[in-house]
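Raw protein_9.txt, compact mmCIF, C-alpha atoms:
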# COMPACT_ATOMS: atom_id res chain seq x y z
CA MET A 264 12.70 -52.52 -70.57
CA LEU A 265 13.25 -51.66 -74.21
CA VAL A 266 11.68 -54.21 -76.54
CA MET A 267 12.85 -54.14 -80.17
CA SER A 268 11.52 -56.18 -83.06
CA SER A 269 11.93 -56.10 -86.82
CA PRO A 270 11.94 -58.41 -89.78
CA SER A 271 15.41 -59.77 -90.52
CA GLY A 272 17.20 -57.48 -92.96
CA ALA A 273 15.82 -54.28 -91.43
CA GLY A 274 19.08 -53.57 -89.59
CA LYS A 275 18.05 -54.20 -85.99
CA THR A 276 21.26 -56.04 -85.07
CA THR A 277 23.45 -53.19 -86.33
CA ILE A 278 21.31 -50.66 -84.45
CA THR A 279 21.35 -52.60 -81.16
CA ARG A 280 25.13 -53.09 -81.36
CA ALA A 281 25.66 -49.35 -81.85
CA LEU A 282 23.32 -48.55 -78.94
CA LEU A 283 25.05 -50.97 -76.56
CA LYS A 284 28.41 -49.50 -77.49
CA LYS A 285 27.29 -45.90 -76.87
CA ASP A 286 25.13 -46.34 -73.79
CA ASP A 287 26.78 -47.75 -70.66
CA ASN A 288 23.46 -47.80 -68.87
CA LEU A 289 21.98 -50.22 -71.38
CA SER A 290 22.45 -53.96 -71.24
CA MET A 291 21.20 -56.66 -73.56
CA SER A 292 18.97 -59.47 -72.46
CA ILE A 293 20.53 -62.75 -73.60
CA SER A 294 18.16 -65.55 -74.51
CA ALA A 295 18.56 -69.16 -73.55
CA THR A 296 18.14 -71.89 -76.15
CA THR A 297 18.35 -75.65 -76.42
CA ARG A 298 19.59 -75.58 -80.01
CA ALA A 299 23.24 -76.31 -80.72
CA PRO A 300 25.61 -73.35 -81.13
CA ARG A 301 26.39 -72.40 -84.73
CA PRO A 302 30.00 -71.84 -85.76
CA GLY A 303 31.26 -68.66 -84.13
CA GLU A 304 28.47 -68.38 -81.56
CA VAL A 305 29.63 -67.85 -77.99
CA ASP A 306 27.81 -69.18 -74.93
CA GLY A 307 26.70 -66.30 -72.68
CA GLU A 308 27.10 -63.80 -75.52
CA ASP A 309 24.90 -64.90 -78.39
CA TYR A 310 22.80 -67.23 -76.27
CA PHE A 311 22.93 -69.26 -73.12
CA PHE A 312 23.15 -72.73 -74.62
CA ILE A 313 21.50 -75.15 -72.23
CA GLU A 314 20.23 -78.74 -72.20
CA LYS A 315 16.60 -79.51 -72.88
CA THR A 316 16.05 -81.03 -69.41
CA LYS A 317 17.58 -77.93 -67.79
CA PHE A 318 15.31 -75.69 -69.91
CA GLU A 319 12.21 -77.65 -68.96
CA ASP A 320 13.27 -77.51 -65.35
CA MET A 321 13.53 -73.70 -65.57
CA VAL A 322 10.09 -73.50 -67.21
CA GLU A 323 8.75 -75.63 -64.34
CA LYS A 324 10.27 -73.21 -61.80
CA ASP A 325 8.85 -70.17 -63.68
CA GLU A 326 12.32 -68.81 -64.37
CA PHE A 327 11.51 -67.36 -67.81
CA LEU A 328 9.91 -64.04 -68.66
CA GLU A 329 8.76 -65.62 -71.91
CA HIS A 330 9.63 -68.79 -73.78
CA ALA A 331 8.61 -70.53 -76.97
CA LYS A 332 9.24 -73.71 -78.90
CA VAL A 333 10.37 -73.24 -82.51
CA PHE A 334 10.47 -76.53 -84.39
CA ASP A 335 12.28 -78.82 -81.96
CA ASN A 336 14.11 -76.17 -79.99
CA TYR A 337 13.21 -74.02 -77.01
CA TYR A 338 14.01 -70.33 -76.76
CA GLY A 339 13.42 -68.17 -73.71
CA THR A 340 14.34 -65.05 -71.72
CA PRO A 341 15.67 -65.98 -68.25
CA LYS A 342 14.32 -63.73 -65.50
CA GLY A 343 17.45 -63.67 -63.32
CA PRO A 344 19.84 -61.52 -65.40
CA VAL A 345 17.01 -59.12 -66.35
CA ASP A 346 16.02 -58.58 -62.73
CA ASP A 347 19.67 -58.09 -61.76
CA ALA A 348 20.21 -55.44 -64.45
CA LEU A 349 16.93 -53.61 -63.75
CA GLY A 350 17.68 -53.77 -60.01
CA ALA A 351 21.03 -52.08 -60.69
CA GLY A 352 19.16 -49.24 -62.42
CA LYS A 353 20.07 -50.34 -65.93
CA ASP A 354 17.86 -50.35 -68.98
CA VAL A 355 17.53 -53.75 -70.61
CA LEU A 356 17.19 -54.25 -74.35
CA PHE A 357 15.19 -57.22 -75.67
CA ASP A 358 15.70 -58.37 -79.23
CA VAL A 359 12.61 -60.49 -79.83
CA ASP A 360 10.08 -61.23 -82.57
CA TRP A 361 6.46 -60.09 -82.33
CA GLN A 362 5.50 -63.18 -80.36
CA GLY A 363 8.31 -62.61 -77.87
CA ALA A 364 7.24 -58.96 -77.59
CA ARG A 365 3.64 -60.00 -76.96
CA ASP A 366 4.73 -62.51 -74.32
CA LEU A 367 6.86 -59.86 -72.59
CA ARG A 368 3.85 -57.53 -72.55
CA HIS A 369 1.79 -60.28 -70.99
CA ALA A 370 4.52 -60.97 -68.43
CA ALA A 371 2.83 -58.14 -66.55
CA ARG A 372 5.75 -55.79 -66.25
CA ASP A 373 4.51 -52.27 -66.73
CA ASP A 374 7.63 -50.39 -67.56
CA GLN A 375 8.15 -51.42 -71.18
CA VAL A 376 8.84 -49.37 -74.28
CA SER A 377 8.58 -51.14 -77.61
CA ILE A 378 10.06 -50.16 -80.95
CA PHE A 379 9.51 -51.74 -84.33
CA ILE A 380 12.25 -51.24 -86.93
CA LEU A 381 11.06 -51.17 -90.55
CA PRO A 382 13.21 -51.37 -93.68
CA PRO A 383 12.96 -48.31 -95.98
CA SER A 384 11.23 -50.21 -98.79
CA HIS A 385 10.33 -53.61 -100.17
CA ASP A 386 13.08 -53.46 -102.78
CA GLU A 387 15.74 -52.39 -100.30
CA LEU A 388 14.80 -55.23 -97.93
CA GLU A 389 15.05 -57.70 -100.79
CA ARG A 390 18.41 -56.26 -101.82
CA ARG A 391 19.74 -56.55 -98.25
CA LEU A 392 18.61 -60.14 -97.92
CA TYR A 393 20.29 -61.03 -101.23
CA THR A 394 23.53 -59.23 -100.39
CA ARG A 395 23.76 -60.56 -96.89
CA ALA A 396 23.51 -64.26 -97.39
CA GLN A 397 24.03 -64.94 -101.06
CA ASP A 398 21.09 -67.24 -100.75
CA SER A 399 19.03 -68.66 -103.56
CA GLU A 400 16.07 -66.81 -105.01
CA GLU A 401 13.81 -69.32 -103.28
CA VAL A 402 15.32 -68.79 -99.82
CA VAL A 403 15.19 -64.99 -100.19
CA GLN A 404 11.55 -65.11 -101.26
CA LYS A 405 10.77 -67.29 -98.25
CA ARG A 406 12.49 -64.70 -96.02
CA MET A 407 10.57 -61.85 -97.72
CA SER A 408 7.33 -63.58 -96.95
CA LYS A 409 8.42 -64.20 -93.34
CA ALA A 410 9.38 -60.48 -93.15
CA ALA A 411 5.95 -59.45 -94.43
CA SER A 412 4.30 -61.57 -91.78
CA GLU A 413 6.52 -60.11 -89.02
CA MET A 414 5.86 -56.57 -90.29
CA SER A 415 2.11 -57.05 -90.12
CA HIS A 416 2.50 -56.70 -86.32
CA TRP A 417 3.89 -53.14 -86.38
CA GLY A 418 0.63 -51.91 -84.84
CA GLU A 419 1.49 -53.54 -81.52
CA TYR A 420 4.51 -51.32 -80.86
CA ASP A 421 4.83 -47.90 -79.21
CA TYR A 422 7.29 -46.44 -81.70
CA ILE A 423 8.14 -47.11 -85.35
CA VAL A 424 11.59 -46.36 -86.74
CA ILE A 425 12.09 -46.62 -90.49
CA ASN A 426 15.73 -47.55 -90.96
CA VAL A 427 16.84 -45.53 -93.97
CA ASP A 428 20.21 -44.56 -92.51
CA ILE A 429 21.80 -46.47 -89.62
CA GLU A 430 23.14 -43.38 -87.83
CA ASP A 431 19.78 -41.61 -88.05
CA SER A 432 18.04 -44.69 -86.73
CA VAL A 433 20.44 -45.04 -83.82
CA ALA A 434 19.90 -41.35 -82.99
CA GLN A 435 16.13 -41.88 -83.16
CA VAL A 436 16.22 -44.84 -80.77
CA GLU A 437 18.46 -42.82 -78.45
CA ALA A 438 15.94 -39.94 -78.56
CA ILE A 439 13.18 -42.38 -77.65
CA MET A 440 15.20 -43.60 -74.65
CA THR A 441 16.05 -40.05 -73.54
CA ALA A 442 12.41 -38.97 -73.83
CA GLU A 443 11.09 -42.02 -72.02
CA ARG A 444 13.47 -41.35 -69.11
CA LEU A 445 12.11 -37.77 -68.91
CA LYS A 446 8.51 -38.92 -68.53
CA ARG A 447 7.01 -37.64 -65.34
CA ASN A 448 6.10 -41.03 -63.94
CA ARG A 449 9.65 -42.38 -64.44
CA GLN A 450 11.25 -39.59 -62.41
CA THR A 451 10.58 -41.13 -59.03
CA GLY A 452 12.55 -38.53 -57.07
CA LEU A 453 10.44 -35.60 -58.27
CA PRO A 454 7.95 -35.15 -55.42
CA ALA A 455 10.80 -34.78 -52.92
CA PHE A 456 12.74 -32.58 -55.37
CA VAL A 457 9.86 -30.16 -55.91
CA GLU A 458 9.16 -30.19 -52.18
CA SER A 459 12.76 -29.10 -51.51
CA MET A 460 12.26 -26.30 -54.02
CA SER A 461 9.43 -24.60 -52.19
CA GLY A 462 11.12 -24.93 -48.80
CA GLU A 463 13.54 -22.57 -47.17
CA GLU A 464 17.23 -22.53 -47.96
CA ALA A 465 19.25 -25.26 -46.25
CA MET B 121 1.17 -29.11 -80.08
CA LEU B 122 4.03 -28.77 -77.63
CA VAL B 123 2.97 -27.14 -74.38
CA MET B 124 5.74 -25.82 -72.14
CA SER B 125 5.42 -24.35 -68.69
CA SER B 126 7.80 -23.43 -65.91
CA PRO B 127 8.17 -20.97 -63.08
CA SER B 128 9.93 -17.79 -64.19
CA GLY B 129 13.65 -18.13 -63.72
CA ALA B 130 13.77 -21.79 -64.76
CA GLY B 131 15.10 -20.89 -68.21
CA LYS B 132 12.11 -21.66 -70.40
CA THR B 133 12.50 -18.59 -72.59
CA THR B 134 16.15 -19.39 -73.38
CA ILE B 135 15.20 -23.00 -74.18
CA THR B 136 12.30 -22.08 -76.45
CA ARG B 137 14.43 -19.51 -78.33
CA ALA B 138 17.13 -22.12 -78.96
CA LEU B 139 14.52 -24.65 -80.13
CA LEU B 140 12.88 -22.22 -82.56
CA LYS B 141 16.26 -21.34 -83.99
CA LYS B 142 17.26 -24.98 -84.53
CA ASP B 143 13.99 -26.47 -85.71
CA ASP B 144 12.42 -25.03 -88.87
CA ASN B 145 9.39 -27.22 -88.42
CA LEU B 146 8.54 -25.59 -85.11
CA SER B 147 6.65 -22.36 -84.76
CA MET B 148 5.67 -20.44 -81.69
CA SER B 149 2.12 -19.65 -80.76
CA ILE B 150 1.85 -15.93 -80.09
CA SER B 151 -0.66 -14.86 -77.48
CA ALA B 152 -2.98 -11.91 -77.77
CA THR B 153 -3.31 -9.44 -74.93
CA THR B 154 -5.14 -6.24 -74.10
CA ARG B 155 -2.35 -4.89 -71.92
CA ALA B 156 -0.13 -2.12 -73.27
CA PRO B 157 3.20 -3.10 -74.88
CA ARG B 158 6.20 -2.72 -72.59
CA PRO B 159 9.28 -0.93 -73.92
CA GLY B 160 10.93 -3.10 -76.57
CA GLU B 161 7.96 -5.42 -77.09
CA VAL B 162 6.95 -5.91 -80.71
CA ASP B 163 3.38 -6.46 -81.88
CA GLY B 164 3.07 -9.83 -83.60
CA GLU B 165 6.30 -11.07 -82.05
CA ASP B 166 5.97 -10.84 -78.30
CA TYR B 167 2.20 -10.54 -78.36
CA PHE B 168 -0.63 -9.49 -80.57
CA PHE B 169 -1.61 -6.26 -78.82
CA ILE B 170 -5.32 -5.71 -79.34
CA GLU B 171 -8.12 -3.56 -77.95
CA LYS B 172 -10.37 -4.82 -75.20
CA THR B 173 -13.48 -4.63 -77.36
CA LYS B 174 -11.76 -6.58 -80.13
CA PHE B 175 -10.67 -9.22 -77.58
CA GLU B 176 -14.17 -9.57 -76.20
CA ASP B 177 -15.50 -9.84 -79.73
CA MET B 178 -13.07 -12.69 -80.44
CA VAL B 179 -14.12 -14.44 -77.21
CA GLU B 180 -17.71 -14.09 -78.35
CA LYS B 181 -16.86 -15.70 -81.70
CA ASP B 182 -14.97 -18.55 -79.97
CA GLU B 183 -11.72 -17.54 -81.66
CA PHE B 184 -9.46 -18.45 -78.73
CA LEU B 185 -8.07 -21.84 -77.78
CA GLU B 186 -7.81 -20.57 -74.23
CA HIS B 187 -8.02 -17.18 -72.60
CA ALA B 188 -7.84 -15.71 -69.13
CA LYS B 189 -8.15 -12.42 -67.32
CA VAL B 190 -5.16 -11.43 -65.17
CA PHE B 191 -5.88 -8.36 -63.08
CA ASP B 192 -7.46 -5.98 -65.60
CA ASN B 193 -6.00 -7.48 -68.74
CA TYR B 194 -7.00 -10.29 -71.03
CA TYR B 195 -4.58 -12.87 -72.39
CA GLY B 196 -5.45 -15.56 -74.91
CA THR B 197 -4.26 -17.93 -77.63
CA PRO B 198 -5.93 -17.15 -80.99
CA LYS B 199 -7.02 -20.27 -82.87
CA GLY B 200 -6.32 -19.01 -86.39
CA PRO B 201 -2.49 -18.94 -86.50
CA VAL B 202 -2.31 -22.26 -84.61
CA ASP B 203 -4.63 -24.00 -87.05
CA ASP B 204 -2.70 -22.53 -89.99
CA ALA B 205 0.64 -23.81 -88.66
CA LEU B 206 -0.71 -27.25 -87.72
CA GLY B 207 -2.44 -27.47 -91.09
CA ALA B 208 0.91 -26.81 -92.77
CA GLY B 209 2.36 -29.78 -90.88
CA LYS B 210 4.26 -27.68 -88.37
CA ASP B 211 4.62 -28.31 -84.66
CA VAL B 212 3.44 -25.42 -82.54
CA LEU B 213 5.03 -24.45 -79.25
CA PHE B 214 2.91 -22.92 -76.49
CA ASP B 215 4.56 -21.01 -73.68
CA VAL B 216 1.85 -20.92 -71.04
CA ASP B 217 1.43 -21.19 -67.28
CA TRP B 218 -0.25 -24.19 -65.62
CA GLN B 219 -3.67 -22.66 -66.06
CA GLY B 220 -3.07 -22.04 -69.76
CA ALA B 221 -1.83 -25.61 -70.09
CA ARG B 222 -4.93 -26.93 -68.37
CA ASP B 223 -7.17 -24.83 -70.60
CA LEU B 224 -5.36 -26.11 -73.72
CA ARG B 225 -5.88 -29.68 -72.48
CA HIS B 226 -9.55 -28.95 -72.05
CA ALA B 227 -9.72 -27.37 -75.52
CA ALA B 228 -10.20 -30.97 -76.61
CA ARG B 229 -7.30 -31.27 -79.00
CA ASP B 230 -5.80 -34.68 -78.59
CA ASP B 231 -2.39 -34.27 -80.02
CA GLN B 232 -0.62 -32.43 -77.23
CA VAL B 233 2.69 -33.07 -75.54
CA SER B 234 3.41 -31.14 -72.37
CA ILE B 235 6.73 -30.41 -70.73
CA PHE B 236 7.41 -28.78 -67.40
CA ILE B 237 10.80 -27.12 -66.94
CA LEU B 238 12.15 -27.11 -63.39
CA PRO B 239 15.10 -25.14 -62.05
CA PRO B 240 17.95 -27.28 -60.67
CA SER B 241 17.41 -26.17 -57.07
CA HIS B 242 15.73 -23.66 -54.79
CA ASP B 243 18.96 -21.73 -54.27
CA GLU B 244 19.77 -21.59 -57.97
CA LEU B 245 16.29 -20.30 -58.79
CA GLU B 246 16.65 -17.60 -56.15
CA ARG B 247 20.08 -16.69 -57.48
CA ARG B 248 18.71 -16.40 -61.05
CA LEU B 249 15.83 -14.22 -59.95
CA TYR B 250 18.22 -11.92 -58.06
CA THR B 251 20.74 -11.71 -60.92
CA ARG B 252 18.15 -11.15 -63.58
CA ALA B 253 16.24 -8.19 -62.34
CA GLN B 254 18.22 -6.64 -59.52
CA ASP B 255 14.96 -6.53 -57.67
CA SER B 256 14.49 -6.00 -53.98
CA GLU B 257 14.54 -8.89 -51.50
CA GLU B 258 10.80 -8.51 -51.12
CA VAL B 259 10.05 -8.74 -54.84
CA VAL B 260 12.31 -11.78 -55.25
CA GLN B 261 10.64 -13.53 -52.30
CA LYS B 262 7.25 -12.81 -53.86
CA ARG B 263 8.47 -14.35 -57.12
CA MET B 264 9.86 -17.38 -55.27
CA SER B 265 6.51 -17.98 -53.70
CA LYS B 266 4.80 -17.59 -57.08
CA ALA B 267 7.34 -20.07 -58.52
CA ALA B 268 6.58 -22.58 -55.76
CA SER B 269 2.89 -22.32 -56.53
CA GLU B 270 3.51 -22.81 -60.29
CA MET B 271 5.82 -25.77 -59.61
CA SER B 272 3.19 -27.52 -57.54
CA HIS B 273 1.49 -28.35 -60.87
CA TRP B 274 4.36 -30.41 -62.31
CA GLY B 275 2.22 -33.53 -61.93
CA GLU B 276 -0.06 -32.40 -64.77
CA TYR B 277 2.67 -32.60 -67.43
CA ASP B 278 3.85 -35.52 -69.60
CA TYR B 279 7.57 -34.81 -69.28
CA ILE B 280 9.75 -33.07 -66.71
CA VAL B 281 13.04 -31.45 -67.69
CA ILE B 282 15.30 -30.22 -64.91
CA ASN B 283 17.25 -27.32 -66.40
CA VAL B 284 20.74 -27.74 -65.00
CA ASP B 285 22.50 -26.90 -68.26
CA ILE B 286 20.78 -25.05 -71.11
CA GLU B 287 22.32 -27.13 -73.90
CA ASP B 288 21.42 -30.40 -72.18
CA SER B 289 17.87 -29.17 -71.64
CA VAL B 290 17.50 -28.12 -75.29
CA ALA B 291 18.78 -31.57 -76.35
CA GLN B 292 16.30 -33.22 -74.00
CA VAL B 293 13.35 -31.26 -75.38
CA GLU B 294 14.54 -32.10 -78.91
CA ALA B 295 14.71 -35.79 -77.95
CA ILE B 296 11.14 -35.58 -76.65
CA MET B 297 9.99 -34.04 -79.95
CA THR B 298 11.87 -36.64 -82.02
CA ALA B 299 10.45 -39.49 -79.96
CA GLU B 300 6.91 -38.15 -80.07
CA ARG B 301 7.09 -37.90 -83.86
CA LEU B 302 8.16 -41.59 -83.98
CA LYS B 303 5.13 -42.75 -82.01
CA ARG B 304 3.13 -45.26 -83.98
CA ASN B 305 -0.10 -43.32 -83.89
CA ARG B 306 1.57 -40.14 -85.23
CA GLN B 307 2.95 -41.87 -88.32
CA THR B 308 -0.23 -41.70 -90.34
CA GLY B 309 1.32 -43.03 -93.54
CA LEU B 310 2.36 -46.34 -91.98
CA PRO B 311 -0.49 -48.65 -92.95
CA ALA B 312 0.03 -47.86 -96.64
CA PHE B 313 3.82 -48.04 -96.23
CA VAL B 314 3.74 -51.50 -94.65
CA GLU B 315 1.20 -52.60 -97.23
CA SER B 316 3.62 -51.59 -100.00
CA MET B 317 6.32 -53.62 -98.28
CA SER B 318 4.53 -56.92 -98.48
CA GLY B 319 3.50 -56.42 -102.10
CA GLU B 320 5.37 -57.36 -105.23
CA GLU B 321 8.11 -55.21 -106.70
CA ALA B 322 6.91 -52.20 -108.63
Could I get this file's structure written as structure tokens?
Amino acid sequence: MLVMSSPSGAGKTTITRALLKKDDNLSMSISATTRAPRPGEVDGEDYFFIEKTKFEDMVEKDEFLEHAKVFDNYYGTPKGPVDDALGAGKDVLFDVDWQGARDLRHAARDDQVSIFILPPSHDELERRLYTRAQDSEEVVQKRMSKAASEMSHWGEYDYIVINVDIEDSVAQVEAIMTAERLKRNRQTGLPAFVESMSGEEA
Amino acid sequence: MLVMSSPSGAGKTTITRALLKKDDNLSMSISATTRAPRPGEVDGEDYFFIEKTKFEDMVEKDEFLEHAKVFDNYYGTPKGPVDDALGAGKDVLFDVDWQGARDLRHAARDDQVSIFILPPSHDELERRLYTRAQDSEEVVQKRMSKAASEMSHWGEYDYIVINVDIEDSVAQVEAIMTAERLKRNRQTGLPAFVESMSGEEA
């Protein structure tokens, strides 16, 4: 389980898209939400759009890894698809905020790696937020303050990637995944492998 | 500090040479020994060749990170060059056996990453040992048994790289180094960096 968080504007979406494209063994966890789809959003791609009663029913049945209520809408990570992907030997990427990351940690699944993506500087983040949405000064400043609050949780993550250049950042996240797969305790076949090494020829 | 071990024939020397060539920020820790140089060995490159009395004097002054006596000769890792390289912000590579690795761990320096290189199979290791030295059956079998004993210590290392293909293995060790440098607790400038992010524009 690869958990990625960042303030908006840091480039996380671009990085995750590039990773998913390059790595066949990686799949994205899709969240469920009770909010209405925005123009262009596709059910089962951007989110699973479900009814409030259905969501509450799933909460009741403990079918979420984590869930939260933001204003009047529910958001959550359904267990089923994650377990299916992990069961098939895939790595699963979670794009969540610091609260989602904390809830995933508390969901008592050991094998998690978490990465926090930081923008290269305050000014660059501001510039990206302006360029991206052509929003008013007020809206951008509100987002900057939300970003600062999100960034204050960097200390809860295993790795920190400062996104100066997208390609470098993608390579860095790939290196993290490669390294994590090489960790001794993830290579479950090793005892038998080393055993075969000290034995006689077949 | 990057600590690498492997049985002989697994390809560690080829991997470390490639790493040192590609990574300017990496330097190799050179051991000191009291044994005589073999033909072609260069003082200060392969080893620091020093007198027994000098070695014992250095042991007395606690100038080794680790040292051991093998048959009649001493081998050890002098502290000075390692501290100089680390102080200059370099990563230092240690090519040691499992006992050296254990001694380095016990030398109470926290920031160590250890990698064990395994050969792809028993048969391939045997083939490499035969090809390399044109030694007798008996000598190769002795080496195989020494390799098996070295390999039994794989469980004491952070990462395991199975050396099927040299270029893949070099890339894997590089990924481990990249990932380790991205770990939150290694990025000492982060608190100030994040602080600057939430502040006002300069």
- Task: At a cut-off of 9 Å, list the chain A residues touching chain B, using all atoms listed in the file, as a PyMOL selection string.
- Result: chain A and resi 378+381-386+388+407-408+410-412+414-415+417-424+435-448+450+453-454+456-465
Filtering to C-alpha atoms, could you give me those residues as a PDB file, in the frame of the given file?
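So result-v6.pdb came out as:
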ATOM      1  CA  ILE A 378      10.060 -50.160 -80.950  1.00  0.00           C
ATOM      2  CA  LEU A 381      11.060 -51.170 -90.550  1.00  0.00           C
ATOM      3  CA  PRO A 382      13.210 -51.370 -93.680  1.00  0.00           C
ATOM      4  CA  PRO A 383      12.960 -48.310 -95.980  1.00  0.00           C
ATOM      5  CA  SER A 384      11.230 -50.210 -98.790  1.00  0.00           C
ATOM      6  CA  HIS A 385      10.330 -53.610-100.170  1.00  0.00           C
ATOM      7  CA  ASP A 386      13.080 -53.460-102.780  1.00  0.00           C
ATOM      8  CA  LEU A 388      14.800 -55.230 -97.930  1.00  0.00           C
ATOM      9  CA  MET A 407      10.570 -61.850 -97.720  1.00  0.00           C
ATOM     10  CA  SER A 408       7.330 -63.580 -96.950  1.00  0.00           C
ATOM     11  CA  ALA A 410       9.380 -60.480 -93.150  1.00  0.00           C
ATOM     12  CA  ALA A 411       5.950 -59.450 -94.430  1.00  0.00           C
ATOM     13  CA  SER A 412       4.300 -61.570 -91.780  1.00  0.00           C
ATOM     14  CA  MET A 414       5.860 -56.570 -90.290  1.00  0.00           C
ATOM     15  CA  SER A 415       2.110 -57.050 -90.120  1.00  0.00           C
ATOM     16  CA  TRP A 417       3.890 -53.140 -86.380  1.00  0.00           C
ATOM     17  CA  GLY A 418       0.630 -51.910 -84.840  1.00  0.00           C
ATOM     18  CA  GLU A 419       1.490 -53.540 -81.520  1.00  0.00           C
ATOM     19  CA  TYR A 420       4.510 -51.320 -80.860  1.00  0.00           C
ATOM     20  CA  ASP A 421       4.830 -47.900 -79.210  1.00  0.00           C
ATOM     21  CA  TYR A 422       7.290 -46.440 -81.700  1.00  0.00           C
ATOM     22  CA  ILE A 423       8.140 -47.110 -85.350  1.00  0.00           C
ATOM     23  CA  VAL A 424      11.590 -46.360 -86.740  1.00  0.00           C
ATOM     24  CA  GLN A 435      16.130 -41.880 -83.160  1.00  0.00           C
ATOM     25  CA  VAL A 436      16.220 -44.840 -80.770  1.00  0.00           C
ATOM     26  CA  GLU A 437      18.460 -42.820 -78.450  1.00  0.00           C
ATOM     27  CA  ALA A 438      15.940 -39.940 -78.560  1.00  0.00           C
ATOM     28  CA  ILE A 439      13.180 -42.380 -77.650  1.00  0.00           C
ATOM     29  CA  MET A 440      15.200 -43.600 -74.650  1.00  0.00           C
ATOM     30  CA  THR A 441      16.050 -40.050 -73.540  1.00  0.00           C
ATOM     31  CA  ALA A 442      12.410 -38.970 -73.830  1.00  0.00           C
ATOM     32  CA  GLU A 443      11.090 -42.020 -72.020  1.00  0.00           C
ATOM     33  CA  ARG A 444      13.470 -41.350 -69.110  1.00  0.00           C
ATOM     34  CA  LEU A 445      12.110 -37.770 -68.910  1.00  0.00           C
ATOM     35  CA  LYS A 446       8.510 -38.920 -68.530  1.00  0.00           C
ATOM     36  CA  ARG A 447       7.010 -37.640 -65.340  1.00  0.00           C
ATOM     37  CA  ASN A 448       6.100 -41.030 -63.940  1.00  0.00           C
ATOM     38  CA  GLN A 450      11.250 -39.590 -62.410  1.00  0.00           C
ATOM     39  CA  LEU A 453      10.440 -35.600 -58.270  1.00  0.00           C
ATOM     40  CA  PRO A 454       7.950 -35.150 -55.420  1.00  0.00           C
ATOM     41  CA  PHE A 456      12.740 -32.580 -55.370  1.00  0.00           C
ATOM     42  CA  VAL A 457       9.860 -30.160 -55.910  1.00  0.00           C
ATOM     43  CA  GLU A 458       9.160 -30.190 -52.180  1.00  0.00           C
ATOM     44  CA  SER A 459      12.760 -29.100 -51.510  1.00  0.00           C
ATOM     45  CA  MET A 460      12.260 -26.300 -54.020  1.00  0.00           C
ATOM     46  CA  SER A 461       9.430 -24.600 -52.190  1.00  0.00           C
ATOM     47  CA  GLY A 462      11.120 -24.930 -48.800  1.00  0.00           C
ATOM     48  CA  GLU A 463      13.540 -22.570 -47.170  1.00  0.00           C
ATOM     49  CA  GLU A 464      17.230 -22.530 -47.960  1.00  0.00           C
ATOM     50  CA  ALA A 465      19.250 -25.260 -46.250  1.00  0.00           C
TER      51      ALA A 465
END
- Hey, what's within 12 Å of stretch 361-363 of chain A if we count all atoms listed in the file and toss same-chain stuff fewer than 2 positions away? As JSON, numbers by chain, please? {"A": [266, 267, 268, 269, 270, 294, 327, 328, 329, 330, 331, 332, 333, 338, 339, 340, 357, 358, 359, 365, 366, 367, 368, 369, 370, 377, 378, 379, 380, 409, 410, 412, 413, 414, 415, 416, 417, 418, 419, 420]}
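The interatomic distance for the pair atom CA of A:Leu356 and atom CA of A:Ile293 works out to 9.2 Å.
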- Query: Got a sec: who's within 12 Å of A:Leu349, counting all atoms listed in the file, leaving out chain neighbours fewer than 2 positions off, as a VMD selection string?
  - Reply: chain A and resid 264 to 265 288 to 292 342 to 347 351 to 356 372 374 to 375
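Taking atom CA of B:Thr173 and atom CA of B:Thr153 as endpoints, the distance between them is 11.5 Å.
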- Find the residues around B:Asn193 up to 12 Å (only C-alpha atoms counted), leave out those fewer than 5 positions away in its own chain, and share them as a PyMOL selection string. chain B and resi 152-157+169-173+175-176+187-188
- Computed interatomic separation between atom CA of B:Ser128 and atom CA of B:Val162 (Å): 20.6 Å
Using the file's own x, y and z axes, what box holds all listed atoms of stretch 452-460 of chain A with 3 Å on each side, keeping edges along x, y and z, and what are its centre and edge lengths in Å to one decimal, as JSON?
{"center_x": 10.4, "center_y": -32.4, "center_z": -54.9, "size_x": 10.8, "size_y": 18.2, "size_z": 12.8}
- Message: Can you pull out the residues contacting B:Tyr250? Cut-off 10 Å, using all atoms listed in the file, and skip same-chain residues under 4 positions away; I want them as a PyMOL selection string.
- Response: chain B and resi 129+244-246+254-257+259-261
